[in-house]
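Colleague: My questions all concern the structure below.
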Amino acid sequence: MANYKILLIGFIAVIGVAGFSWMNWQVRAPAQIISQANAGELVVYKSPSCGCCGDWVDHLKQSGFKVQVHDTDEMTAVKNHFKVPHEMGSCHTATVNGYVVEGHVPANDIKRLLSEKPNVRGIAVPGMPIGSPGMEQGDEKEAYQVIAFGEKGFKVFAQY
Ligand SMILES: [Cu+2]
């Protein structure tokens, strides 16, 4: 009889631990993707198959930025984690010094963001405008804006 009780308690314990681990995994899944960054370093999250994202990373490196690249299929989770407004969405998401940088933002605007330090969550180039860094297609150039976003809403940061 005593043996059954021990078995039963053991069984319940195993189920409990498994259940807790599963819940924990569910909650922590997006956070496990998120990486720590050094000061001034850009941490870029992109899907492994995104070509224009890689071209944007090259643009940043050529502009003197240190870049850490993370390939992930969980871009929706990443954008939710960094509270990127839906209408600001693009292909890749990056962070630098606590700011969010969404989409094909020119390196000079990131430098300006870091020197002016405005009270915003981040800056974005919504969509994927042709002619923005990483989206070059010959001489073709679409007009686009860099938008600052945060608690106070949206503001045009730069215009091209
Ligand atoms: Cu892109």
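Identifiers in the structure tokens: chain A, B, ... in order shown; residue index from 1 per chain; ligand index from 1 in order shown.
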Given a cut-off of 9 Å, what residues near ligand 1 show up using only C-alpha atoms and all ligand atoms, put as a list in words?

Modeller: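 The residues within 9 Å of ligand 1, counting only C-alpha atoms and all ligand atoms, are Cys50, Gly51, Cys52, Cys53, Gly54, Asp55, Trp56, Ser90, Cys91, His92, Gly103, His104, Gly127, Met128, Pro129, Gly134 and Met135 of chain A.
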
Colleague: Please list as a list of chain:residue names every residue within 10 Å of A:Asp71, counting only C-alpha atoms and excluding residues in the same chain fewer than 3 positions away.

Modeller: A:Ile33, A:Val44, A:Tyr45, A:Lys46, A:Ser47, A:Pro48, A:Ser49, A:Cys50, A:Glu74, A:Met75, A:His92

Colleague: What lies within 8 Å of A:Val105 using only C-alpha atoms, ignoring chain neighbours under 6 positions off, as number ranges by chain?

Modeller: A: 123-125, 132-133, 146

Colleague: Give me every strand (DSSP E or B) residue in stretch 34-97 of chain A, going by DSSP on the backbone, as a ChimeraX atom specification.

Modeller: /A:42-46,67-71,93-96

Colleague: Please write the residues from the selection above to a file, keeping N, CA and C atoms, as a compact mmCIF listing (two decimals), in the first residue's frame.

Modeller:
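Written file, selection06.txt:
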# COMPACT_ATOMS: atom_id res chain seq x y z
N LEU A 42 23.93 47.56 -32.75
CA LEU A 42 22.60 47.24 -33.25
C LEU A 42 22.38 45.73 -33.20
N VAL A 43 21.24 45.34 -32.63
CA VAL A 43 20.86 43.93 -32.62
C VAL A 43 19.71 43.78 -33.60
N VAL A 44 19.94 43.02 -34.66
CA VAL A 44 18.96 42.91 -35.74
C VAL A 44 18.30 41.53 -35.69
N TYR A 45 16.96 41.52 -35.74
CA TYR A 45 16.19 40.28 -35.82
C TYR A 45 15.58 40.22 -37.20
N LYS A 46 15.79 39.09 -37.86
CA LYS A 46 15.26 38.95 -39.22
C LYS A 46 15.00 37.49 -39.52
N VAL A 67 27.11 45.35 -35.57
CA VAL A 67 25.80 44.73 -35.74
C VAL A 67 25.83 43.28 -35.28
N GLN A 68 24.82 42.92 -34.54
CA GLN A 68 24.62 41.53 -34.10
C GLN A 68 23.36 41.05 -34.81
N VAL A 69 23.45 39.98 -35.58
CA VAL A 69 22.29 39.54 -36.36
C VAL A 69 21.73 38.24 -35.79
N HIS A 70 20.41 38.20 -35.62
CA HIS A 70 19.74 36.99 -35.15
C HIS A 70 18.70 36.56 -36.17
N ASP A 71 18.88 35.39 -36.74
CA ASP A 71 17.88 34.83 -37.64
C ASP A 71 16.81 34.13 -36.81
N THR A 93 13.46 43.88 -37.53
CA THR A 93 13.33 44.71 -36.33
C THR A 93 14.69 44.73 -35.64
N ALA A 94 15.11 45.91 -35.19
CA ALA A 94 16.41 46.02 -34.51
C ALA A 94 16.28 46.87 -33.26
N THR A 95 17.28 46.75 -32.39
CA THR A 95 17.34 47.62 -31.22
C THR A 95 18.75 48.20 -31.12
N VAL A 96 18.81 49.40 -30.55
CA VAL A 96 20.11 50.01 -30.26
C VAL A 96 19.92 50.98 -29.09

Colleague: Give the helix (DSSP H, G or I) residues of chain A, as assigned by DSSP on the backbone, as a ChimeraX atom specification.

Modeller: /A:2-33,51-62,75-81,86-88,107-116

Colleague: Taking only C-alpha atoms into account, name the residue in A:Ile34, A:Leu113, A:Ala39, A:Ile147 that is nearest to A:Val78.

Modeller: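 For A:Val78, the nearest of the given residues is A:Ile34.
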
Colleague: Grab the atom CA of A:Phe65 to atom CA of A:Ile110 distance for me, in Å with one decimal place.

Modeller: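 Those two atoms sit 9.7 Å apart.
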
Colleague: Tell me, counting only C-alpha atoms, for each residue of stretch 65-132 of chain A within 12 Å of stretch 154-157 of chain A, which pair of atoms is nearest and how far apart they are in Å to one decimal, in rows ordered by chain and increasing number, as JSON lines.

Modeller:
{"residue": "A:Val84", "atom": "CA", "partner": "A:Phe154", "partner_atom": "CA", "distance": 11.8}
{"residue": "A:Pro85", "atom": "CA", "partner": "A:Phe154", "partner_atom": "CA", "distance": 9.9}
{"residue": "A:Glu87", "atom": "CA", "partner": "A:Phe154", "partner_atom": "CA", "distance": 10.5}
{"residue": "A:Met88", "atom": "CA", "partner": "A:Phe154", "partner_atom": "CA", "distance": 9.6}
{"residue": "A:Val105", "atom": "CA", "partner": "A:Phe157", "partner_atom": "CA", "distance": 10.6}
{"residue": "A:Pro106", "atom": "CA", "partner": "A:Phe157", "partner_atom": "CA", "distance": 11.5}
{"residue": "A:Asn108", "atom": "CA", "partner": "A:Phe157", "partner_atom": "CA", "distance": 11.6}
{"residue": "A:Asp109", "atom": "CA", "partner": "A:Phe157", "partner_atom": "CA", "distance": 8.1}
{"residue": "A:Ile110", "atom": "CA", "partner": "A:Phe157", "partner_atom": "CA", "distance": 10.5}
{"residue": "A:Arg112", "atom": "CA", "partner": "A:Phe157", "partner_atom": "CA", "distance": 9.7}
{"residue": "A:Leu113", "atom": "CA", "partner": "A:Phe157", "partner_atom": "CA", "distance": 9.1}
{"residue": "A:Glu116", "atom": "CA", "partner": "A:Phe157", "partner_atom": "CA", "distance": 11.4}
{"residue": "A:Pro118", "atom": "CA", "partner": "A:Phe157", "partner_atom": "CA", "distance": 10.3}
{"residue": "A:Asn119", "atom": "CA", "partner": "A:Lys155", "partner_atom": "CA", "distance": 11.5}
{"residue": "A:Val120", "atom": "CA", "partner": "A:Phe154", "partner_atom": "CA", "distance": 9.1}
{"residue": "A:Arg121", "atom": "CA", "partner": "A:Phe154", "partner_atom": "CA", "distance": 10.3}
{"residue": "A:Gly122", "atom": "CA", "partner": "A:Phe154", "partner_atom": "CA", "distance": 10.0}
{"residue": "A:Ile123", "atom": "CA", "partner": "A:Phe157", "partner_atom": "CA", "distance": 7.6}
{"residue": "A:Ala124", "atom": "CA", "partner": "A:Phe157", "partner_atom": "CA", "distance": 9.0}
{"residue": "A:Val125", "atom": "CA", "partner": "A:Phe157", "partner_atom": "CA", "distance": 10.0}
{"residue": "A:Pro126", "atom": "CA", "partner": "A:Val156", "partner_atom": "CA", "distance": 11.9}

Colleague: Go ahead and write the selection's residues with N, CA and C atoms as a PDB file, in the first residue's frame.

Modeller:
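Saved file result_39.pdb follows:
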ATOM      1  N   VAL A  84       6.206  47.187 -31.481  1.00  0.00           N
ATOM      2  CA  VAL A  84       6.225  47.888 -32.764  1.00  0.00           C
ATOM      3  C   VAL A  84       4.778  48.034 -33.222  1.00  0.00           C
ATOM      4  N   PRO A  85       4.285  49.279 -33.407  1.00  0.00           N
ATOM      5  CA  PRO A  85       2.898  49.453 -33.857  1.00  0.00           C
ATOM      6  C   PRO A  85       2.692  48.750 -35.199  1.00  0.00           C
ATOM      7  N   GLU A  87       1.074  49.432 -37.830  1.00  0.00           N
ATOM      8  CA  GLU A  87       1.187  50.246 -39.054  1.00  0.00           C
ATOM      9  C   GLU A  87       2.630  50.660 -39.351  1.00  0.00           C
ATOM     10  N   MET A  88       3.550  50.438 -38.408  1.00  0.00           N
ATOM     11  CA  MET A  88       4.969  50.760 -38.616  1.00  0.00           C
ATOM     12  C   MET A  88       5.740  49.548 -39.141  1.00  0.00           C
ATOM     13  N   VAL A 105      15.601  51.716 -42.203  1.00  0.00           N
ATOM     14  CA  VAL A 105      15.957  53.065 -41.753  1.00  0.00           C
ATOM     15  C   VAL A 105      17.407  53.367 -42.155  1.00  0.00           C
ATOM     16  N   PRO A 106      17.664  54.536 -42.801  1.00  0.00           N
ATOM     17  CA  PRO A 106      19.040  54.891 -43.162  1.00  0.00           C
ATOM     18  C   PRO A 106      19.922  55.045 -41.915  1.00  0.00           C
ATOM     19  N   ASN A 108      22.214  57.094 -41.179  1.00  0.00           N
ATOM     20  CA  ASN A 108      22.372  58.461 -40.677  1.00  0.00           C
ATOM     21  C   ASN A 108      21.248  58.851 -39.716  1.00  0.00           C
ATOM     22  N   ASP A 109      20.044  58.335 -39.962  1.00  0.00           N
ATOM     23  CA  ASP A 109      18.925  58.635 -39.059  1.00  0.00           C
ATOM     24  C   ASP A 109      19.096  57.915 -37.722  1.00  0.00           C
ATOM     25  N   ILE A 110      19.704  56.739 -37.756  1.00  0.00           N
ATOM     26  CA  ILE A 110      19.988  56.022 -36.496  1.00  0.00           C
ATOM     27  C   ILE A 110      21.041  56.792 -35.712  1.00  0.00           C
ATOM     28  N   ARG A 112      21.542  60.003 -35.865  1.00  0.00           N
ATOM     29  CA  ARG A 112      20.862  61.198 -35.345  1.00  0.00           C
ATOM     30  C   ARG A 112      20.019  60.848 -34.121  1.00  0.00           C
ATOM     31  N   LEU A 113      19.333  59.710 -34.171  1.00  0.00           N
ATOM     32  CA  LEU A 113      18.531  59.232 -33.038  1.00  0.00           C
ATOM     33  C   LEU A 113      19.411  59.080 -31.797  1.00  0.00           C
ATOM     34  N   GLU A 116      20.598  62.725 -30.669  1.00  0.00           N
ATOM     35  CA  GLU A 116      19.542  63.626 -30.170  1.00  0.00           C
ATOM     36  C   GLU A 116      18.772  63.023 -29.000  1.00  0.00           C
ATOM     37  N   PRO A 118      15.771  61.507 -28.559  1.00  0.00           N
ATOM     38  CA  PRO A 118      14.391  61.967 -28.320  1.00  0.00           C
ATOM     39  C   PRO A 118      13.638  60.963 -27.430  1.00  0.00           C
ATOM     40  N   ASN A 119      12.554  61.446 -26.797  1.00  0.00           N
ATOM     41  CA  ASN A 119      11.749  60.601 -25.914  1.00  0.00           C
ATOM     42  C   ASN A 119      10.740  59.811 -26.736  1.00  0.00           C
ATOM     43  N   VAL A 120      11.227  58.839 -27.490  1.00  0.00           N
ATOM     44  CA  VAL A 120      10.362  57.985 -28.318  1.00  0.00           C
ATOM     45  C   VAL A 120      10.772  56.529 -28.097  1.00  0.00           C
ATOM     46  N   ARG A 121       9.894  55.618 -28.517  1.00  0.00           N
ATOM     47  CA  ARG A 121      10.252  54.206 -28.376  1.00  0.00           C
ATOM     48  C   ARG A 121      11.203  53.800 -29.494  1.00  0.00           C
ATOM     49  N   GLY A 122      10.999  54.419 -30.677  1.00  0.00           N
ATOM     50  CA  GLY A 122      11.874  54.045 -31.776  1.00  0.00           C
ATOM     51  C   GLY A 122      11.539  54.781 -33.055  1.00  0.00           C
ATOM     52  N   ILE A 123      12.231  54.413 -34.128  1.00  0.00           N
ATOM     53  CA  ILE A 123      11.966  54.982 -35.443  1.00  0.00           C
ATOM     54  C   ILE A 123      11.756  53.850 -36.437  1.00  0.00           C
ATOM     55  N   ALA A 124      10.962  54.161 -37.480  1.00  0.00           N
ATOM     56  CA  ALA A 124      10.587  53.105 -38.421  1.00  0.00           C
ATOM     57  C   ALA A 124      10.456  53.647 -39.830  1.00  0.00           C
ATOM     58  N   VAL A 125      10.769  52.792 -40.780  1.00  0.00           N
ATOM     59  CA  VAL A 125      10.365  53.007 -42.168  1.00  0.00           C
ATOM     60  C   VAL A 125       9.363  51.897 -42.471  1.00  0.00           C
ATOM     61  N   PRO A 126       8.050  52.229 -42.405  1.00  0.00           N
ATOM     62  CA  PRO A 126       7.035  51.185 -42.618  1.00  0.00           C
ATOM     63  C   PRO A 126       7.106  50.603 -44.027  1.00  0.00           C
TER      64      PRO A 126
END
